[in-house]
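A.B. asks: One file: run-v7.txt (compact mmCIF, C-alpha atoms).
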# COMPACT_ATOMS: atom_id res chain seq x y z
CA MET A 1 -117.87 25.01 89.48
CA LEU A 2 -118.65 27.92 87.17
CA LEU A 3 -122.12 29.14 86.17
CA ILE A 4 -122.53 31.39 83.13
CA ARG A 5 -126.01 32.82 83.56
CA ASN A 6 -128.51 34.20 81.03
CA ALA A 7 -126.26 34.43 77.98
CA THR A 8 -127.31 34.43 74.34
CA ILE A 9 -125.77 31.09 73.35
CA ILE A 10 -124.76 30.85 69.68
CA ASN A 11 -124.12 27.25 68.69
CA GLU A 12 -124.82 24.84 65.82
CA GLY A 13 -126.84 27.31 63.76
CA LYS A 14 -129.05 28.54 66.60
CA SER A 15 -129.13 31.47 69.01
CA PHE A 16 -131.02 31.06 72.26
CA ARG A 17 -131.04 32.37 75.79
CA GLY A 18 -129.55 29.96 78.29
CA SER A 19 -127.16 29.22 81.11
CA LEU A 20 -124.26 26.84 81.34
CA VAL A 21 -122.48 25.02 84.16
CA VAL A 22 -118.79 24.15 83.92
CA LYS A 23 -117.26 21.53 86.20
CA ASN A 24 -113.51 21.06 86.17
CA ASP A 25 -112.48 21.36 82.51
CA LYS A 26 -115.76 20.31 80.86
CA ILE A 27 -119.20 21.69 80.06
CA ASP A 28 -121.43 19.89 82.52
CA THR A 29 -124.98 21.13 81.86
CA ILE A 30 -126.70 23.52 79.46
CA TYR A 31 -129.95 25.07 80.71
CA THR A 32 -132.53 26.73 78.50
CA GLY A 33 -134.91 27.26 81.41
CA VAL A 34 -134.53 27.84 85.13
CA VAL A 35 -131.20 26.93 86.74
CA PRO A 36 -131.71 24.77 89.87
CA GLU A 37 -131.45 26.89 93.02
CA GLU A 38 -128.85 24.64 94.69
CA ILE A 39 -126.26 25.49 92.02
CA TYR A 40 -126.12 29.18 92.97
CA GLY A 41 -124.55 28.64 96.36
CA ARG A 42 -121.84 26.35 95.00
CA ALA A 43 -120.79 28.12 91.82
CA GLN A 44 -118.73 31.07 90.74
CA ILE A 45 -121.26 33.07 88.69
CA ILE A 46 -120.71 35.15 85.58
CA GLU A 47 -123.79 37.25 84.79
CA ALA A 48 -124.05 37.21 81.00
CA ASP A 49 -127.14 39.31 80.23
CA ASN A 50 -126.66 41.03 76.86
CA LEU A 51 -123.56 38.94 76.11
CA TYR A 52 -123.03 36.32 73.43
CA LEU A 53 -121.61 32.96 74.53
CA ILE A 54 -119.77 31.10 71.77
CA PRO A 55 -117.30 28.21 71.57
CA GLY A 56 -113.65 29.22 71.69
CA VAL A 57 -112.31 30.16 68.27
CA ILE A 58 -110.01 27.60 66.61
CA ASP A 59 -107.45 29.28 64.32
CA ASP A 60 -106.07 26.73 61.87
CA GLN A 61 -103.18 28.89 60.61
CA VAL A 62 -100.80 30.97 62.71
CA HIS A 63 -97.07 31.71 62.79
CA PHE A 64 -95.94 32.21 66.37
CA ARG A 65 -92.26 32.40 65.33
CA GLU A 66 -90.58 29.97 67.72
CA PRO A 67 -88.00 28.61 67.54
CA GLY A 68 -85.51 30.96 65.99
CA LEU A 69 -87.53 34.08 65.19
CA SER A 70 -88.47 35.21 68.68
CA HIS A 71 -87.67 38.88 68.01
CA LYS A 72 -90.94 38.90 66.01
CA GLY A 73 -93.08 36.91 68.46
CA THR A 74 -93.04 33.90 70.75
CA ILE A 75 -95.44 31.09 71.51
CA GLN A 76 -96.03 32.72 74.88
CA SER A 77 -96.59 36.29 73.64
CA GLU A 78 -98.76 35.42 70.65
CA SER A 79 -100.89 32.81 72.44
CA ARG A 80 -101.48 35.40 75.17
CA ALA A 81 -102.75 37.78 72.50
CA ALA A 82 -104.87 34.95 71.09
CA ILE A 83 -106.83 34.32 74.29
CA ALA A 84 -107.42 38.07 74.63
CA GLY A 85 -109.12 37.78 71.25
CA GLY A 86 -111.20 34.70 72.09
CA VAL A 87 -108.94 32.27 70.21
CA THR A 88 -108.61 29.26 72.51
CA SER A 89 -106.88 26.83 70.11
CA TYR A 90 -104.40 27.31 67.29
CA MET A 91 -102.47 25.31 64.70
CA GLU A 92 -99.00 26.67 64.08
CA MET A 93 -96.94 26.59 60.92
CA PRO A 94 -93.53 24.93 60.33
CA ASN A 95 -91.49 27.75 58.73
CA THR A 96 -89.53 28.54 61.87
CA ASN A 97 -85.78 28.26 62.42
CA PRO A 98 -85.02 25.40 62.43
CA GLN A 99 -87.95 24.42 60.27
CA THR A 100 -90.40 21.84 61.59
CA ILE A 101 -89.68 19.26 58.91
CA THR A 102 -88.77 16.24 61.03
CA ILE A 103 -90.70 14.31 63.66
CA ASP A 104 -87.96 15.18 66.17
CA ALA A 105 -88.35 18.91 65.50
CA TRP A 106 -92.12 18.58 65.79
CA ASN A 107 -91.77 16.78 69.14
CA ARG A 108 -89.44 19.50 70.44
CA LYS A 109 -91.96 22.19 69.51
CA ASN A 110 -94.70 20.41 71.45
CA GLU A 111 -92.43 20.03 74.46
CA PHE A 112 -91.57 23.71 74.36
CA ALA A 113 -95.22 24.79 74.13
CA HIS A 114 -96.22 22.59 77.08
CA ASP A 115 -95.59 25.27 79.71
CA LYS A 116 -95.43 28.35 77.47
CA SER A 117 -98.75 28.42 75.59
CA TYR A 118 -101.73 30.33 76.94
CA ALA A 119 -104.02 28.61 74.39
CA ASN A 120 -104.44 25.01 73.25
CA TYR A 121 -101.97 24.13 70.52
CA ALA A 122 -101.04 21.88 67.63
CA PHE A 123 -98.24 22.05 65.08
CA TYR A 124 -97.99 21.19 61.39
CA LEU A 125 -95.16 19.14 59.92
CA GLY A 126 -93.66 20.86 56.88
CA ALA A 127 -92.98 19.23 53.52
CA THR A 128 -89.81 19.72 51.47
CA ASN A 129 -88.39 18.18 48.32
CA ASP A 130 -86.35 15.85 50.55
CA ASN A 131 -88.45 14.62 53.49
CA LEU A 132 -91.12 12.36 51.99
CA ALA A 133 -90.06 9.43 54.21
CA GLU A 134 -90.51 11.62 57.29
CA LEU A 135 -93.99 12.73 56.17
CA LYS A 136 -95.06 9.11 55.70
CA ARG A 137 -94.07 8.38 59.30
CA ALA A 138 -96.36 11.11 60.62
CA ASN A 139 -99.29 9.44 62.35
CA SER A 140 -99.57 11.08 65.77
CA LYS A 141 -103.06 11.84 67.10
CA HIS A 142 -101.65 15.27 68.04
CA LEU A 143 -100.43 16.25 64.54
CA CYS A 144 -102.88 18.55 62.76
CA GLY A 145 -101.58 18.09 59.21
CA ILE A 146 -98.84 18.37 56.59
CA LYS A 147 -98.05 21.86 55.28
CA VAL A 148 -97.02 22.12 51.63
CA PHE A 149 -95.77 25.40 50.20
CA MET A 150 -96.68 25.40 46.51
CA GLY A 151 -95.49 29.01 46.24
CA SER A 152 -92.32 30.75 47.35
CA SER A 153 -91.35 30.27 50.96
CA THR A 154 -88.48 30.69 53.37
CA GLY A 155 -85.57 28.25 53.38
CA SER A 156 -86.08 24.90 51.68
CA MET A 157 -89.84 24.61 52.07
CA LEU A 158 -90.92 25.33 48.50
CA VAL A 159 -91.97 21.95 47.09
CA ASP A 160 -91.29 22.42 43.39
CA ASP A 161 -90.26 18.87 42.44
CA LYS A 162 -93.33 17.58 40.60
CA LYS A 163 -92.59 13.93 41.35
CA ILE A 164 -92.27 14.65 45.06
CA LEU A 165 -95.45 16.72 45.01
CA GLN A 166 -97.32 13.86 43.37
CA ALA A 167 -95.90 11.40 45.89
CA ILE A 168 -97.01 13.56 48.81
CA PHE A 169 -100.58 13.58 47.54
CA ALA A 170 -100.48 9.88 46.65
CA GLU A 171 -98.67 8.42 49.66
CA VAL A 172 -99.13 10.65 52.72
CA ASP A 173 -102.18 9.60 54.72
CA MET A 174 -102.78 12.93 56.46
CA LEU A 175 -104.61 16.18 55.82
CA ILE A 176 -102.52 18.23 53.38
CA ALA A 177 -102.71 22.00 53.84
CA THR A 178 -101.34 24.06 50.96
CA HIS A 179 -100.09 27.56 50.30
CA CYS A 180 -100.94 28.02 46.63
CA GLU A 181 -99.22 30.61 44.44
CA LYS A 182 -97.59 29.67 41.14
CA GLU A 183 -93.89 30.47 41.34
CA GLY A 184 -93.40 30.81 37.58
CA VAL A 185 -96.18 33.39 37.25
CA ILE A 186 -94.77 35.38 40.17
CA ARG A 187 -91.27 35.40 38.66
CA ASP A 188 -92.62 36.64 35.32
CA ASN A 189 -94.54 39.42 37.06
CA ILE A 190 -91.48 40.47 39.07
CA GLU A 191 -89.52 40.76 35.84
CA LYS A 192 -92.30 42.83 34.27
CA TYR A 193 -92.58 45.31 37.13
CA SER A 194 -88.83 45.45 37.73
CA LYS A 195 -88.36 46.71 34.18
CA LYS A 196 -90.77 49.54 34.99
CA PHE A 197 -89.69 50.44 38.54
CA GLY A 198 -86.32 48.82 39.16
CA LYS A 199 -85.88 47.13 42.53
CA ASP A 200 -88.10 49.61 44.38
CA ILE A 201 -91.54 48.47 43.19
CA PRO A 202 -94.32 50.31 45.10
CA VAL A 203 -96.25 48.01 47.44
CA LYS A 204 -99.55 48.70 45.69
CA TYR A 205 -98.25 46.49 42.87
CA HIS A 206 -97.78 43.54 45.24
CA SER A 207 -101.20 42.17 44.26
CA HIS A 208 -100.19 42.42 40.59
CA ILE A 209 -96.98 40.49 41.21
CA ARG A 210 -98.59 37.80 43.36
CA SER A 211 -101.56 37.92 41.07
CA ALA A 212 -104.96 36.28 40.92
CA GLU A 213 -103.68 34.12 38.10
CA ALA A 214 -100.73 32.90 40.21
CA CYS A 215 -103.18 31.86 42.91
CA TYR A 216 -105.67 30.27 40.53
CA GLN A 217 -103.13 28.16 38.65
CA SER A 218 -101.55 26.82 41.84
CA SER A 219 -104.85 26.12 43.63
CA GLY A 220 -106.08 24.37 40.50
CA GLU A 221 -102.97 22.19 40.46
CA ALA A 222 -103.43 21.22 44.12
CA ILE A 223 -107.07 20.33 43.57
CA GLU A 224 -106.24 18.28 40.46
CA LEU A 225 -103.70 16.28 42.47
CA ALA A 226 -106.13 15.76 45.33
CA ASP A 227 -108.83 14.60 42.92
CA ARG A 228 -106.42 12.22 41.21
CA TYR A 229 -105.20 10.56 44.40
CA GLY A 230 -108.23 10.96 46.67
CA SER A 231 -106.25 13.13 49.09
CA ARG A 232 -107.66 15.13 51.97
CA LEU A 233 -106.76 18.68 50.86
CA HIS A 234 -107.25 21.99 52.67
CA VAL A 235 -106.27 25.07 50.64
CA LEU A 236 -105.18 27.93 52.89
CA HIS A 237 -105.72 31.70 52.67
CA LEU A 238 -107.70 31.82 49.42
CA SER A 239 -107.77 35.37 48.12
CA THR A 240 -109.47 35.60 44.71
CA ALA A 241 -112.89 35.46 43.14
CA LYS A 242 -111.53 33.25 40.37
CA GLU A 243 -110.42 30.53 42.80
CA MET A 244 -113.98 30.21 44.10
CA GLN A 245 -114.86 28.46 40.82
CA LEU A 246 -112.67 25.55 41.97
CA PHE A 247 -114.64 24.74 45.13
CA ASP A 248 -117.92 22.93 45.60
CA GLU A 249 -120.99 24.63 47.04
CA LYS A 250 -121.99 21.90 49.47
CA PRO A 251 -121.84 21.04 53.19
CA LEU A 252 -118.49 20.43 54.86
CA SER A 253 -119.49 16.86 55.75
CA GLU A 254 -119.57 16.00 52.04
CA LYS A 255 -116.12 17.38 51.16
CA LYS A 256 -112.59 16.01 50.92
CA ILE A 257 -111.32 19.29 49.43
CA THR A 258 -111.88 22.38 51.57
CA GLY A 259 -110.91 26.04 51.62
CA GLU A 260 -109.89 28.62 54.19
CA VAL A 261 -110.16 32.39 53.97
CA CYS A 262 -108.28 34.79 56.24
CA VAL A 263 -109.72 37.80 57.99
CA HIS A 264 -107.47 40.27 56.15
CA HIS A 265 -108.81 39.12 52.77
CA LEU A 266 -112.35 39.61 54.10
CA TRP A 267 -111.50 43.06 55.50
CA PHE A 268 -109.01 44.96 53.34
CA THR A 269 -108.82 45.66 49.58
CA ASP A 270 -106.07 46.91 47.27
CA ALA A 271 -107.45 50.42 47.79
CA ASP A 272 -105.99 50.24 51.31
CA TYR A 273 -102.38 50.02 50.10
CA ASP A 274 -102.27 53.81 49.68
CA ARG A 275 -103.33 54.25 53.32
CA LEU A 276 -101.55 51.36 55.05
CA GLY A 277 -98.70 50.44 52.71
CA THR A 278 -96.68 47.39 53.67
CA ARG A 279 -98.65 46.90 56.89
CA ILE A 280 -101.15 45.00 54.73
CA LYS A 281 -98.57 43.16 52.62
CA TRP A 282 -99.40 39.46 52.86
CA ASN A 283 -98.76 36.40 50.71
CA PRO A 284 -101.17 35.81 49.05
CA ALA A 285 -101.79 39.50 48.53
CA VAL A 286 -104.84 41.53 49.47
CA LYS A 287 -106.65 42.01 46.18
CA THR A 288 -109.65 43.88 44.73
CA LYS A 289 -112.98 44.91 46.19
CA ASN A 290 -114.67 42.37 43.92
CA ASP A 291 -112.38 39.63 45.21
CA ARG A 292 -113.35 40.55 48.77
CA PHE A 293 -117.05 40.53 47.87
CA GLU A 294 -116.84 37.10 46.25
CA LEU A 295 -114.90 35.67 49.21
CA ARG A 296 -117.63 36.89 51.55
CA GLN A 297 -120.27 35.35 49.31
CA ALA A 298 -118.36 32.07 49.20
CA LEU A 299 -118.57 31.85 52.98
CA ILE A 300 -122.32 32.22 52.82
CA ASN A 301 -122.78 29.62 50.07
CA ASN A 302 -120.32 27.13 51.64
CA ARG A 303 -117.66 27.20 48.96
CA LEU A 304 -115.35 28.40 51.76
CA ASP A 305 -115.28 26.45 55.00
CA VAL A 306 -113.02 28.13 57.58
CA ILE A 307 -112.08 31.65 58.68
CA ALA A 308 -108.53 31.97 60.08
CA THR A 309 -105.82 34.61 60.46
CA ASP A 310 -102.44 33.50 59.06
CA HIS A 311 -101.18 35.56 62.02
CA ALA A 312 -97.57 36.36 61.08
CA PRO A 313 -95.88 39.09 63.13
CA HIS A 314 -92.87 41.05 61.91
CA THR A 315 -91.18 44.08 63.40
CA LEU A 316 -92.07 47.40 61.81
CA ALA A 317 -88.47 47.68 60.61
CA GLU A 318 -88.93 44.42 58.69
CA LYS A 319 -92.09 45.82 57.09
CA GLU A 320 -90.25 48.77 55.53
CA ASP A 321 -89.39 49.18 51.83
CA GLY A 322 -91.45 48.14 48.82
CA ALA A 323 -93.20 45.20 47.21
CA LEU A 324 -90.05 43.08 46.88
CA SER A 325 -88.18 43.89 50.10
CA ALA A 326 -90.76 44.35 52.86
CA ALA A 327 -91.64 41.27 54.90
CA SER A 328 -95.01 39.69 54.11
CA GLY A 329 -97.44 39.00 56.92
CA GLY A 330 -99.02 40.77 59.85
CA PRO A 331 -100.47 40.24 63.33
CA LEU A 332 -104.25 39.69 63.65
CA VAL A 333 -105.00 36.86 66.11
CA GLN A 334 -105.98 39.24 68.95
CA HIS A 335 -108.62 40.94 66.81
CA SER A 336 -109.93 38.37 64.34
CA LEU A 337 -113.13 37.61 66.27
CA GLN A 338 -113.88 41.30 66.70
CA MET A 339 -113.24 41.93 63.00
CA MET A 340 -115.77 39.27 62.06
CA MET A 341 -118.21 40.56 64.69
CA GLN A 342 -117.92 43.90 62.90
CA LEU A 343 -119.06 42.19 59.70
CA VAL A 344 -121.97 40.74 61.69
CA SER A 345 -122.93 44.25 62.84
CA GLU A 346 -122.80 45.40 59.20
CA ASN A 347 -125.05 42.47 58.13
CA VAL A 348 -122.36 40.99 55.90
CA ILE A 349 -122.54 37.62 57.69
CA SER A 350 -124.71 36.28 60.49
CA LYS A 351 -123.43 35.59 63.99
CA GLU A 352 -124.39 31.94 63.50
CA LEU A 353 -122.26 31.73 60.34
CA LEU A 354 -119.35 33.35 62.18
CA VAL A 355 -119.47 30.60 64.82
CA GLU A 356 -119.79 27.92 62.16
CA LYS A 357 -116.72 29.08 60.23
CA MET A 358 -114.47 30.07 63.15
CA CYS A 359 -115.38 27.40 65.73
CA HIS A 360 -117.37 24.42 64.41
CA ALA A 361 -115.81 23.98 60.96
CA PRO A 362 -112.15 23.85 62.07
CA ALA A 363 -113.10 21.25 64.68
CA ILE A 364 -114.93 19.11 62.11
CA LEU A 365 -112.41 19.57 59.31
CA PHE A 366 -109.36 18.61 61.40
CA GLY A 367 -111.17 16.20 63.71
CA VAL A 368 -110.41 18.17 66.87
CA LYS A 369 -111.55 16.00 69.76
CA ASN A 370 -114.33 17.42 71.98
CA ARG A 371 -113.81 21.09 71.16
CA GLY A 372 -115.35 23.68 68.89
CA PHE A 373 -118.95 23.26 70.10
CA ILE A 374 -121.01 24.08 73.16
CA ARG A 375 -121.98 20.53 74.09
CA GLU A 376 -122.28 18.73 77.40
CA GLY A 377 -119.12 16.70 78.01
CA TYR A 378 -116.97 18.85 75.70
CA PHE A 379 -114.02 20.89 76.93
CA ALA A 380 -115.12 24.23 78.32
CA ASP A 381 -113.37 26.47 75.77
CA LEU A 382 -115.78 29.39 75.72
CA VAL A 383 -115.92 33.09 74.88
CA LEU A 384 -118.29 35.79 76.10
CA VAL A 385 -118.59 38.68 73.64
CA ASN A 386 -120.23 42.03 74.31
CA PRO A 387 -121.67 42.98 70.91
CA ASN A 388 -122.52 46.53 72.02
CA ASN A 389 -119.30 47.68 73.65
CA PRO A 390 -117.09 49.43 71.06
CA TYR A 391 -113.34 48.85 71.22
CA THR A 392 -110.60 50.92 69.59
CA VAL A 393 -107.33 49.24 68.67
CA THR A 394 -104.40 51.23 70.07
CA THR A 395 -100.73 50.59 70.75
CA GLU A 396 -101.62 50.52 74.46
CA ASN A 397 -103.96 47.51 74.19
CA ILE A 398 -102.05 45.49 71.57
CA LEU A 399 -100.51 42.35 73.10
CA TYR A 400 -98.42 41.20 70.12
CA LYS A 401 -94.69 41.22 70.78
CA CYS A 402 -94.15 43.23 67.60
CA GLY A 403 -96.27 46.00 69.14
CA TRP A 404 -98.33 47.06 66.13
CA SER A 405 -101.46 46.19 64.16
CA PRO A 406 -102.80 47.22 60.74
CA LEU A 407 -106.02 48.02 62.63
CA GLU A 408 -104.55 50.74 64.84
CA GLY A 409 -107.07 53.55 65.25
CA GLU A 410 -109.98 51.40 64.05
CA SER A 411 -113.05 51.23 66.28
CA LEU A 412 -114.71 47.82 66.36
CA SER A 413 -118.30 47.33 67.49
CA SER A 414 -117.71 44.53 70.01
CA THR A 415 -115.41 43.54 72.86
CA VAL A 416 -114.19 40.19 74.09
CA HIS A 417 -115.57 40.16 77.64
CA THR A 418 -114.28 36.80 78.98
CA THR A 419 -112.29 33.85 77.63
CA ILE A 420 -112.53 30.47 79.34
CA LEU A 421 -109.95 27.78 78.56
CA ASN A 422 -110.39 24.20 79.72
CA GLY A 423 -112.88 25.38 82.33
CA ARG A 424 -110.79 28.26 83.73
CA VAL A 425 -111.22 31.99 83.22
CA VAL A 426 -108.03 33.11 81.46
CA TYR A 427 -109.06 36.56 80.19
CA GLN A 428 -111.53 38.97 81.76
CA GLY A 429 -111.95 42.70 82.19
CA GLY A 430 -109.32 43.47 79.59
CA LYS A 431 -106.62 41.43 81.37
CA VAL A 432 -105.02 38.02 80.95
CA VAL A 433 -105.53 36.02 84.14
CA GLY A 434 -103.11 33.36 85.40
CA GLU A 435 -100.20 31.52 83.84
CA PRO A 436 -99.99 29.59 80.53
CA SER A 437 -102.30 26.55 80.69
CA GLY A 438 -102.90 25.50 77.10
CA GLN A 439 -103.21 21.81 76.28
CA MET A 440 -102.02 19.82 73.27
CA LEU A 441 -104.93 19.30 70.88
CA GLU A 442 -105.98 15.78 70.06
CA PHE A 443 -107.36 14.78 66.65
CA VAL A 444 -109.76 11.97 65.80
CA ARG A 445 -109.48 10.69 62.22
Would you write the structure of this file as structure tokens?
C.D. replies:
Amino acid sequence: MLLIRNATIINEGKSFRGSLVVKNDKIDTIYTGVVPEEIYGRAQIIEADNLYLIPGVIDDQVHFREPGLSHKGTIQSESRAAIAGGVTSYMEMPNTNPQTITIDAWNRKNEFAHDKSYANYAFYLGATNDNLAELKRANSKHLCGIKVFMGSSTGSMLVDDKKILQAIFAEVDMLIATHCEKEGVIRDNIEKYSKKFGKDIPVKYHSHIRSAEACYQSSGEAIELADRYGSRLHVLHLSTAKEMQLFDEKPLSEKKITGEVCVHHLWFTDADYDRLGTRIKWNPAVKTKNDRFELRQALINNRLDVIATDHAPHTLAEKEDGALSAASGGPLVQHSLQMMMQLVSENVISKELLVEKMCHAPAILFGVKNRGFIREGYFADLVLVNPNNPYTVTTENILYKCGWSPLEGESLSSTVHTTILNGRVVYQGGKVVGEPSGQMLEFVR
């Protein structure tokens, strides 16, 4: 039995002082008053004065690179980094090698993660122009959703056949998660900037190539299809002010079309390309200061529903060169909670909104069973955060296999004190404790 004593509990829009008892893998009792004396002699106690207690973060978009790309990262290495950052559950993308585009490949990924993942896990099934029959078979209670690349991707995962795209929205009875960038607009922009710079286009033009218009047109197309067929659509890593016009300003419970924003689009702007270069090259691209401002506002007014990372490690060698050649993506899952806590300290968002968008909303949106909230009877996936203990990101404390972060040298205002996964302390005092013990997520639809 574990007793977390005198924490500031942040949950379901409220912050209050309380204590919590964990038995086995579940939250047993939440106390807002005095804890019964008999519990003290039987429990392991964590004194949580001056600490925040929140549900474990659920990251609905990561790339942990296995199978086939393990020189960048592995399920074991990246999930270990995740729990150090308070991320207790993740949903991983299908653009691995081989790609996760069949039920058999999806099953193999789950089997592999069983004894390798430090955090709870689920995997998407990827769409192609050729696997509609396989997508229609997908009905497992452990499958988080179908991933559709409506912009350029690796291998065969760009779905550019309009009839197939329509059929996916019309016939697949699962949550559809989309990467939206209009391929034709991107190609035209590449031609434009190649005429000016040749093949070596400076990275600061990446946001001009993968432009706001490319994002807007593709997101608009996805939403039009979802409206037409009544699909359950989740648009990933939204990056522009213009796209916010496409989303409704209403509670998550009233939506079939939802949007995610990633921490890098809430943190960086195109002014940072001069300082950080390709380390902040993502698809979709980091854009303007106004885009960042409007994305932050859209969180507050509920146009945007979820904060995630799109954690996508590459080696530094792969991040070299310019806008066309350098790999897109970067590692952030170890620091996403601290980044958003920094925005709390700067009064950009409230700590209650942070918990809503990083913990509650992913659980509601995907139907994650008995996680994402601090409730009696729910799994004890919990994080203690010290909001007044500054932390500097250095190469020495980075746990990503790739060994770098775009945040290196940044001082963040808070520290992850303790992570609890399925009732067990798995990270404390700056160290990962124990062996991988993540469980397969279950979804209720």
A.B. asks: Considering only C-alpha atoms, state which residue in the set A:Ala298, A:Leu421, A:Leu175, A:Ile168 is at the smallest distance from Val57 of chain A.
C.D. replies: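 Once distances to Val57 of chain A are computed over only C-alpha atoms, the minimum belongs to A:Leu421.
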A.B. asks: May I have a table of the residues of segment 187-299 of chain A lying at most 12 Å from segment 332-351 of chain A, giving each one's closest pair of atoms and their distance in Å to one decimal, counting all atoms listed in the file, ordered by chain and ascending residue number, as CSV?
C.D. replies:
residue,atom,partner,partner_atom,distance
A:Val261,CA,A:Ser336,CA,12.0
A:Cys262,CA,A:Ser336,CA,9.0
A:Val263,CA,A:Ser336,CA,6.4
A:His264,CA,A:Leu332,CA,8.2
A:His265,CA,A:Met339,CA,11.5
A:Leu266,CA,A:Met340,CA,8.7
A:Trp267,CA,A:Met339,CA,7.8
A:Phe268,CA,A:Met339,CA,11.0
A:Arg279,CA,A:Leu332,CA,11.4
A:Ile280,CA,A:Leu332,CA,10.8
A:Trp282,CA,A:Leu332,CA,11.8
A:Arg292,CA,A:Val348,CA,11.5
A:Phe293,CA,A:Val348,CA,9.6
A:Glu294,CA,A:Val348,CA,11.8
A:Leu295,CA,A:Val348,CA,11.3
A:Arg296,CA,A:Val348,CA,7.6
A:Gln297,CA,A:Val348,CA,8.9
A:Ala298,CA,A:Ile349,CA,11.0
A:Leu299,CA,A:Ile349,CA,8.4
A.B. asks: Take atom CA of Gln245 of chain A and atom CA of Ile58 of chain A and report the distance between them in Å, one decimal.
C.D. replies: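 Taking atom CA of Gln245 of chain A as the start and atom CA of Ile58 of chain A as the end point, the length is 26.3 Å.
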A.B. asks: For the atom pair atom CA of Thr395 of chain A and atom CA of Gln428 of chain A, what is the interatomic distance in Å to one decimal place?
C.D. replies: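 Spanning atom CA of Thr395 of chain A to atom CA of Gln428 of chain A is a straight-line distance of 19.3 Å.
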A.B. asks: Residues at most 8 Å from Thr418 of chain A, counting all atoms listed in the file, excluding those fewer than 6 positions away in the same chain, as a list in words?
C.D. replies: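 Final neighbour list, sorted by chain and number: Gly86, Val383, Leu384, Val385, Val425, Val426, Tyr427, Gln428 and Gly429 of chain A.
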A.B. asks: Rank A:Gly126, A:Lys289, A:Thr309, A:Asp160 by their smallest atom-to-atom distance to Pro98 of chain A, using only C-alpha atoms, and report the top residue only.
C.D. replies: A:Gly126
A.B. asks: Could you name the residues that touch Glu47 of chain A at 7 Å or less, counting only C-alpha atoms, but leaving out those on the same chain fewer than 4 positions away, as a CSV table (one decimal) with C-alpha atoms, in the coordinates of the input?
C.D. replies:
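For reference, selection03.csv as written:
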chain,number,residue,atom,x,y,z
A,4,ILE,CA,-122.5,31.4,83.1
A,5,ARG,CA,-126.0,32.8,83.6
A,6,ASN,CA,-128.5,34.2,81.0
A.B. asks: Select, from A:Leu365, A:Lys136, A:His314, A:Pro94, the residue with the minimum atom-to-atom distance to Lys401 of chain A, counting all atoms listed in the file.
C.D. replies: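 Using all atoms listed in the file, the shortest distance to Lys401 of chain A belongs to A:His314.
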